[in-house]
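S.K.: If it helps, the file is called run-v5.cif and holds mmCIF, C-alpha atoms:
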data_protein
#
loop_
_atom_site.label_atom_id
_atom_site.label_comp_id
_atom_site.auth_asym_id
_atom_site.auth_seq_id
_atom_site.Cartn_x
_atom_site.Cartn_y
_atom_site.Cartn_z
CA MET A 1 -109.06 26.75 -55.38
CA LYS A 2 -107.98 23.94 -53.11
CA SER A 3 -105.50 22.62 -55.61
CA THR A 4 -104.12 26.10 -56.13
CA SER A 5 -103.62 26.63 -52.42
CA LYS A 6 -101.92 23.26 -52.16
CA LYS A 7 -99.62 24.19 -55.00
CA ASN A 8 -98.93 27.50 -53.38
CA ASN A 9 -98.19 25.81 -50.07
CA VAL A 10 -95.79 23.46 -51.76
CA CYS A 11 -94.08 26.39 -53.38
CA PHE A 12 -93.60 28.06 -50.01
CA ILE A 13 -92.59 24.96 -48.07
CA ARG A 14 -90.03 23.70 -50.54
CA PRO A 15 -87.48 26.50 -50.28
CA LYS A 16 -87.61 26.29 -46.49
CA HIS A 17 -86.97 22.56 -46.61
CA GLU A 18 -84.10 23.08 -48.99
CA ARG A 19 -82.56 25.72 -46.71
CA MET A 20 -82.76 23.37 -43.75
CA CYS A 21 -81.13 20.61 -45.76
CA HIS A 22 -78.43 23.00 -46.87
CA LEU A 23 -77.78 24.11 -43.27
CA PHE A 24 -77.72 20.51 -42.12
CA TRP A 25 -75.23 19.69 -44.88
CA LEU A 26 -73.02 22.63 -43.88
CA PHE A 27 -73.15 21.55 -40.24
CA ASN A 28 -72.09 18.04 -41.16
CA GLU A 29 -69.30 19.35 -43.37
CA LYS A 30 -68.02 21.61 -40.57
CA THR A 31 -68.22 18.78 -38.04
CA LEU A 32 -66.35 16.47 -40.38
CA PHE A 33 -63.70 19.16 -40.99
CA LEU A 34 -63.21 19.66 -37.23
CA GLN A 35 -62.97 15.92 -36.68
CA LEU A 36 -60.33 15.61 -39.39
CA LYS A 37 -58.39 18.52 -37.90
CA GLU A 38 -58.59 16.93 -34.46
CA GLN A 39 -57.33 13.63 -35.81
CA GLU A 40 -54.52 15.39 -37.67
CA PHE A 41 -53.47 17.19 -34.47
CA TYR A 42 -53.63 13.91 -32.52
CA PHE A 43 -51.43 12.07 -35.02
CA LYS A 44 -48.94 14.95 -35.14
CA THR A 45 -48.73 14.96 -31.33
CA GLU A 46 -48.30 11.20 -31.19
CA ASN A 47 -45.61 11.29 -33.89
CA LYS A 48 -43.80 14.05 -32.03
CA LYS A 49 -43.89 11.99 -28.83
CA LYS A 50 -42.54 8.98 -30.69
CA MET A 51 -39.76 11.07 -32.23
CA GLU A 52 -38.86 12.46 -28.79
CA LYS A 53 -38.72 8.92 -27.44
CA ARG A 54 -36.41 7.90 -30.27
CA LEU A 55 -34.00 10.80 -29.61
CA ALA A 56 -31.09 9.82 -27.38
CA ASN A 57 -30.23 11.79 -24.27
CA PRO A 58 -27.31 14.06 -25.30
CA ALA A 59 -26.43 15.15 -21.76
CA PRO A 60 -23.98 12.29 -21.00
CA LEU A 61 -22.02 13.05 -24.18
CA GLY A 62 -21.76 16.74 -23.29
CA LEU A 63 -20.92 15.99 -19.67
CA MET A 64 -18.18 13.52 -20.66
CA GLY A 65 -16.68 16.02 -23.10
CA PHE A 66 -16.62 18.60 -20.31
CA ALA A 67 -15.44 16.13 -17.65
CA MET A 68 -12.50 14.43 -19.33
CA THR A 69 -11.08 17.62 -20.86
CA THR A 70 -11.43 19.51 -17.58
CA ILE A 71 -9.73 16.74 -15.61
CA LEU A 72 -6.85 16.47 -18.09
CA LEU A 73 -6.19 20.22 -18.21
CA ASN A 74 -6.33 20.61 -14.45
CA ILE A 75 -3.90 17.78 -13.82
CA HIS A 76 -1.59 20.03 -15.88
CA ASN A 77 -2.55 23.00 -13.68
CA MET A 78 -1.52 20.97 -10.63
CA GLY A 79 1.96 20.73 -12.18
CA PHE A 80 2.12 17.07 -13.20
CA PHE A 81 2.93 17.73 -16.88
CA PRO A 82 3.17 20.66 -19.32
CA ILE A 83 0.65 21.63 -22.01
CA SER A 84 0.95 19.07 -24.81
CA VAL A 85 -0.82 17.99 -27.98
CA SER A 86 -2.94 15.52 -25.97
CA ILE A 87 -4.60 18.42 -24.10
CA ILE A 88 -5.01 20.46 -27.29
CA ALA A 89 -6.52 17.53 -29.23
CA MET A 90 -8.87 16.70 -26.34
CA GLY A 91 -9.88 20.36 -26.15
CA ILE A 92 -10.72 20.56 -29.87
CA PHE A 93 -12.53 17.28 -30.36
CA TYR A 94 -14.02 16.08 -27.08
CA GLY A 95 -14.22 19.26 -25.04
CA GLY A 96 -15.14 21.33 -28.09
CA LEU A 97 -16.92 19.44 -30.86
CA ALA A 98 -18.58 16.80 -28.65
CA GLN A 99 -20.15 19.46 -26.43
CA ILE A 100 -21.28 21.45 -29.46
CA ILE A 101 -22.99 18.35 -30.86
CA ALA A 102 -24.64 17.74 -27.47
CA GLY A 103 -25.79 21.36 -27.36
CA ILE A 104 -27.38 21.13 -30.80
CA MET A 105 -29.18 17.95 -29.75
CA GLU A 106 -30.42 19.68 -26.58
CA PHE A 107 -31.75 22.47 -28.83
CA LYS A 108 -33.70 19.85 -30.78
CA LYS A 109 -35.23 18.63 -27.51
CA GLY A 110 -36.19 22.18 -26.49
CA ASN A 111 -33.81 22.32 -23.51
CA THR A 112 -32.62 25.93 -23.23
CA PHE A 113 -30.32 25.33 -20.27
CA GLY A 114 -28.62 22.31 -21.86
CA THR A 115 -28.25 24.13 -25.18
CA THR A 116 -26.66 27.18 -23.54
CA ALA A 117 -24.37 25.16 -21.27
CA PHE A 118 -23.01 22.66 -23.79
CA LEU A 119 -22.67 25.05 -26.74
CA SER A 120 -21.01 27.70 -24.57
CA PHE A 121 -18.52 25.35 -22.91
CA GLY A 122 -17.83 23.64 -26.24
CA LEU A 123 -16.97 26.99 -27.78
CA PHE A 124 -14.98 27.90 -24.67
CA TRP A 125 -12.66 24.95 -25.30
CA LEU A 126 -12.26 25.84 -28.97
CA SER A 127 -11.50 29.47 -28.11
CA LEU A 128 -9.02 28.42 -25.42
CA VAL A 129 -7.15 26.17 -27.86
CA ALA A 130 -7.17 29.03 -30.39
CA ILE A 131 -5.59 31.34 -27.79
CA TRP A 132 -2.82 28.80 -27.25
CA ILE A 133 -2.01 27.90 -30.85
CA MET A 134 -2.96 30.86 -33.05
CA PRO A 135 0.11 33.00 -32.21
CA ASP A 136 2.37 30.07 -33.24
CA MET A 137 0.42 29.75 -36.51
CA GLY A 138 1.14 33.33 -37.52
CA TYR A 139 -2.24 34.73 -36.42
CA ASN A 140 -0.72 37.17 -33.94
CA LEU A 141 -1.83 40.51 -35.40
CA ALA A 142 -3.19 41.49 -32.00
CA GLY A 143 -0.30 39.86 -30.16
CA ALA A 144 -0.30 36.84 -27.86
CA SER A 145 -2.64 37.06 -24.87
CA ASP A 146 -0.87 38.39 -21.78
CA ALA A 147 -1.60 37.21 -18.22
CA ASN A 148 -3.84 40.18 -17.40
CA THR A 149 -6.01 39.71 -20.49
CA MET A 150 -6.18 35.96 -19.86
CA GLY A 151 -7.30 36.70 -16.32
CA TRP A 152 -10.23 38.79 -17.56
CA TYR A 153 -11.09 36.13 -20.14
CA LEU A 154 -11.35 33.50 -17.40
CA PHE A 155 -13.15 35.90 -15.06
CA LEU A 156 -15.93 36.43 -17.61
CA TRP A 157 -16.34 32.69 -17.95
CA GLY A 158 -16.57 32.54 -14.16
CA VAL A 159 -19.44 35.03 -14.24
CA PHE A 160 -21.16 32.92 -16.89
CA ALA A 161 -20.68 29.75 -14.82
CA PHE A 162 -22.08 31.55 -11.76
CA PHE A 163 -25.35 32.39 -13.51
CA MET A 164 -25.58 28.87 -14.90
CA TRP A 165 -25.10 27.61 -11.34
CA MET A 166 -28.08 29.76 -10.33
CA GLY A 167 -30.05 27.98 -13.05
CA THR A 168 -29.45 24.64 -11.31
CA TRP A 169 -30.96 25.74 -7.99
CA GLY A 170 -33.82 23.46 -7.08
CA GLY A 171 -32.54 20.78 -9.45
CA ARG A 172 -30.15 17.88 -9.05
CA LYS A 173 -27.53 18.31 -6.32
CA VAL A 174 -24.81 16.90 -8.58
CA SER A 175 -25.57 19.52 -11.27
CA GLN A 176 -25.46 22.26 -8.64
CA PHE A 177 -22.09 21.00 -7.43
CA ILE A 178 -20.66 20.85 -10.97
CA PHE A 179 -21.54 24.46 -11.78
CA PHE A 180 -20.51 25.71 -8.33
CA THR A 181 -17.05 24.15 -8.66
CA ALA A 182 -16.81 25.35 -12.29
CA THR A 183 -17.46 28.90 -11.06
CA ALA A 184 -14.77 28.56 -8.41
CA LEU A 185 -12.39 27.06 -10.99
CA PHE A 186 -12.68 30.00 -13.39
CA PHE A 187 -12.24 32.59 -10.64
CA LEU A 188 -9.18 30.76 -9.23
CA LEU A 189 -7.64 30.59 -12.72
CA ALA A 190 -8.33 34.30 -13.21
CA ILE A 191 -6.53 35.11 -9.94
CA HIS A 192 -3.68 32.79 -10.97
CA ASN A 193 -3.16 34.91 -14.10
CA TRP A 194 -3.58 38.25 -12.30
CA THR A 195 -0.90 37.27 -9.76
CA ALA A 196 1.59 36.13 -12.41
CA SER A 197 4.16 38.68 -11.18
CA ASN A 198 4.31 36.84 -7.84
CA ALA A 199 5.47 33.34 -8.77
CA SER A 200 4.75 31.60 -5.45
CA LEU A 201 1.28 33.12 -5.09
CA SER A 202 0.41 32.45 -8.71
CA ASN A 203 1.56 28.84 -8.35
CA PHE A 204 -0.61 28.43 -5.24
CA PHE A 205 -3.72 29.54 -7.11
CA ALA A 206 -2.79 27.34 -10.09
CA VAL A 207 -2.63 24.26 -7.84
CA ALA A 208 -5.83 25.28 -6.05
CA ALA A 209 -7.56 25.71 -9.42
CA GLY A 210 -6.17 22.35 -10.57
CA CYS A 211 -7.59 20.53 -7.54
CA THR A 212 -10.95 22.28 -7.96
CA GLY A 213 -11.01 21.44 -11.68
CA VAL A 214 -10.31 17.75 -11.09
CA ILE A 215 -13.13 17.63 -8.53
CA CYS A 216 -15.48 19.49 -10.92
CA GLY A 217 -14.61 17.21 -13.84
CA SER A 218 -14.99 14.10 -11.69
CA ALA A 219 -18.48 15.22 -10.63
CA ALA A 220 -19.45 15.73 -14.29
CA PHE A 221 -17.99 12.28 -15.11
CA TYR A 222 -20.07 10.72 -12.32
CA LEU A 223 -23.30 12.39 -13.48
CA ALA A 224 -22.71 11.31 -17.10
CA MET A 225 -22.16 7.68 -16.11
CA ALA A 226 -25.13 7.77 -13.72
CA GLU A 227 -27.42 8.86 -16.56
CA VAL A 228 -25.99 6.28 -18.99
CA LEU A 229 -26.38 3.43 -16.51
CA HIS A 230 -29.88 4.59 -15.58
CA GLU A 231 -31.06 4.53 -19.19
CA SER A 232 -29.22 1.35 -20.21
CA ARG A 233 -30.29 -0.67 -17.15
CA GLY A 234 -33.74 0.87 -16.72
CA LYS A 235 -33.15 1.72 -13.05
CA VAL A 236 -30.98 4.02 -10.95
CA ILE A 237 -27.57 2.41 -10.38
CA LEU A 238 -25.66 5.50 -9.23
CA PRO A 239 -27.83 7.98 -7.28
CA TYR A 240 -28.00 11.43 -8.81
#
Show the structure stored in the file as structure tokens.

M.R.:
Amino acid sequence: MKSTSKKNNVCFIRPKHERMCHLFWLFNEKTLFLQLKEQEFYFKTENKKKMEKRLANPAPLGLMGFAMTTILLNIHNMGFFPISVSIIAMGIFYGGLAQIIAGIMEFKKGNTFGTTAFLSFGLFWLSLVAIWIMPDMGYNLAGASDANTMGWYLFLWGVFAFFMWMGTWGGRKVSQFIFFTATALFFLLAIHNWTASNASLSNFFAVAAGCTGVICGSAAFYLAMAEVLHESRGKVILPY
């Protein structure tokens, strides 16, 4: 009887022991799985940080594309020289393509403001060059742009620049100044086109826009060089 009861006890104890072992095994497997997932997440985060560190700052490129093209065009607006191939080429390649490249790089870095600003202004320069040259290339089905239409075109860009200026509030003073003067520039150019019937008044607004544009472009030039010198020298050389 004793041996039977012992056998019976063994029969009852064994499954319980096996269940505990099985649960312990599952717990260890789950713990190991979570640890592996945690390590995987850690390595992904670290790799992402390393990649971000390896990515260059695209802002100086975009700012220089904006700055140099804006300065060149607005020296023309001040009456120093007529529209020429140098302005058109600068508008296509540096004002247009360089800013588009910078905008795409800002997208990669997750910078919504930089993406919107550089891509929009890059495409602005390409569209402006298209307005100038497309009628002479035979693409004039809708007719060349008249002064009134050009005024509204520039006015809309002024509205865009105004909201982008709002986006700089609380940020760098130089960035605020760039977008403020860009807003003023577009509105002055719009008025210049709307007053085309009055030559003296239109010329006044053209010169005023030219001066504003040179100041705006110079501020963008300064900010670009300040960022380049800061990163290349490892300290702030030009305050911004």

S.K.: Ranking A:Thr212, A:Met164, A:Thr149, A:Ile87 by minimum distance to Thr116 of chain A and counting all atoms listed in the file, which one comes first?

M.R.: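 Closest to Thr116 of chain A of all the choices is A:Met164.
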
S.K.: Atom CA of Phe160 of chain A to atom CA of Thr183 of chain A: how many Å, to one decimal?

M.R.: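 One can read the atom CA of Phe160 of chain A to atom CA of Thr183 of chain A distance as 8.0 Å.
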
S.K.: Show me as JSON, numbers by chain the residues that reach within 10 Å of (-9.0, 12.8, -19.9), counting all atoms listed in the file and using the file's own coordinates.

M.R.: {"A": [64, 65, 66, 67, 68, 69, 70, 71, 72, 73, 74, 75, 86, 87, 90, 91, 94, 95, 217]}

S.K.: Please write the residues picked by the PyMOL selection byres ((chain A and resi 190-194) around 7) on this file as a count of residues only.

M.R.: 16

S.K.: Give me, as a PyMOL selection string, all polymer residues having an atom no more than 12 Å from Leu223 of chain A, counting all atoms listed in the file and skipping those fewer than 5 positions away in the same chain.

M.R.: chain A and resi 59-64+66-67+172-178+216-218+228-230+236-240

S.K.: When you count only C-alpha atoms, which of these residues is closest to Leu185 of chain A: A:Glu106, A:Ile100, A:Ala220, A:Ile215?

M.R.: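 Among A:Glu106, A:Ile100, A:Ala220, A:Ile215, it is A:Ile215 that comes nearest to Leu185 of chain A.
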
S.K.: Please write the residues picked by the PyMOL selection byres ((chain A and resi 144) around 6) on this file as a list in words.

M.R.: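 Output of the PyMOL selection byres ((chain A and resi 144) around 6): Pro135, Gly143 and Ser145 of chain A.
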
S.K.: So how many Å separate atom CA of Phe81 of chain A and atom CA of Trp125 of chain A, to one decimal?

M.R.: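 Computing the Euclidean distance for atom CA of Phe81 of chain A and atom CA of Trp125 of chain A yields 19.1 Å.
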
S.K.: What does the structure give for the distance between atom CA of Ala219 of chain A and atom CA of Ile104 of chain A, in Å to one decimal?

M.R.: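 Value for the atom CA of Ala219 of chain A-atom CA of Ile104 of chain A distance: 22.8 Å.
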
S.K.: Find, counting all atoms listed in the file, the residue in A:Ser197, A:Ala184, A:Gly167, A:Gly234 that gets nearest to Thr112 of chain A.

M.R.: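 Counting all atoms listed in the file, the residue closest to Thr112 of chain A is A:Gly167.
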
S.K.: When the PyMOL selection byres ((chain A and resi 99) around 6) is applied to the file above, which residues end up in the set, as a list in words?

M.R.: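 Against this file, the PyMOL selection byres ((chain A and resi 99) around 6) returns the residues Gly62, Gly65, Gly96, Leu97, Ala98, Ile100, Ile101, Ala102, Phe118 and Gly122 of chain A.
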
S.K.: Which one of A:Met166, A:Asp136, A:Ala130, A:Gly103 sits closest to Thr115 of chain A if you count only C-alpha atoms?

M.R.: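 Of A:Met166, A:Asp136, A:Ala130, A:Gly103, the one nearest Thr115 of chain A is A:Gly103, counting only C-alpha atoms.
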
S.K.: Copy segment 170-185 of chain A out of the block into a file, keeping N, CA and C atoms, as a JSON list (two decimals), in the first residue's frame.

M.R.:
[["chain", "number", "residue", "atom", "x", "y", "z"],
["A", 170, "GLY", "N", 10.52, 83.87, -32.30],
["A", 170, "GLY", "CA", 11.09, 83.12, -31.18],
["A", 170, "GLY", "C", 12.38, 82.41, -31.52],
["A", 171, "GLY", "N", 12.78, 82.49, -32.80],
["A", 171, "GLY", "CA", 14.03, 81.85, -33.24],
["A", 171, "GLY", "C", 15.15, 82.86, -33.39],
["A", 172, "ARG", "N", 16.06, 82.56, -34.30],
["A", 172, "ARG", "CA", 17.19, 83.46, -34.51],
["A", 172, "ARG", "C", 16.73, 84.79, -35.08],
["A", 173, "LYS", "N", 17.33, 85.87, -34.59],
["A", 173, "LYS", "CA", 16.99, 87.22, -35.05],
["A", 173, "LYS", "C", 17.33, 87.40, -36.53],
["A", 174, "VAL", "N", 18.44, 86.79, -36.95],
["A", 174, "VAL", "CA", 18.85, 86.93, -38.36],
["A", 174, "VAL", "C", 17.82, 86.28, -39.27],
["A", 175, "SER", "N", 17.32, 85.10, -38.89],
["A", 175, "SER", "CA", 16.29, 84.43, -39.69],
["A", 175, "SER", "C", 15.02, 85.26, -39.75],
["A", 176, "GLN", "N", 14.65, 85.85, -38.63],
["A", 176, "GLN", "CA", 13.47, 86.72, -38.60],
["A", 176, "GLN", "C", 13.65, 87.89, -39.56],
["A", 177, "PHE", "N", 14.84, 88.47, -39.55],
["A", 177, "PHE", "CA", 15.11, 89.63, -40.41],
["A", 177, "PHE", "C", 15.06, 89.23, -41.89],
["A", 178, "ILE", "N", 15.61, 88.07, -42.22],
["A", 178, "ILE", "CA", 15.61, 87.61, -43.62],
["A", 178, "ILE", "C", 14.18, 87.48, -44.15],
["A", 179, "PHE", "N", 13.32, 86.81, -43.39],
["A", 179, "PHE", "CA", 11.96, 86.59, -43.88],
["A", 179, "PHE", "C", 11.11, 87.85, -43.82],
["A", 180, "PHE", "N", 11.41, 88.74, -42.87],
["A", 180, "PHE", "CA", 10.70, 90.03, -42.84],
["A", 180, "PHE", "C", 11.03, 90.85, -44.08],
["A", 181, "THR", "N", 12.32, 90.96, -44.39],
["A", 181, "THR", "CA", 12.72, 91.74, -45.57],
["A", 181, "THR", "C", 12.28, 91.05, -46.87],
["A", 182, "ALA", "N", 12.23, 89.70, -46.88],
["A", 182, "ALA", "CA", 11.73, 88.99, -48.07],
["A", 182, "ALA", "C", 10.25, 89.31, -48.29],
["A", 183, "THR", "N", 9.50, 89.38, -47.20],
["A", 183, "THR", "CA", 8.08, 89.75, -47.30],
["A", 183, "THR", "C", 7.93, 91.15, -47.89],
["A", 184, "ALA", "N", 8.70, 92.09, -47.34],
["A", 184, "ALA", "CA", 8.65, 93.46, -47.85],
["A", 184, "ALA", "C", 9.07, 93.52, -49.31],
["A", 185, "LEU", "N", 10.09, 92.74, -49.68],
["A", 185, "LEU", "CA", 10.58, 92.71, -51.06],
["A", 185, "LEU", "C", 9.48, 92.29, -52.04]]
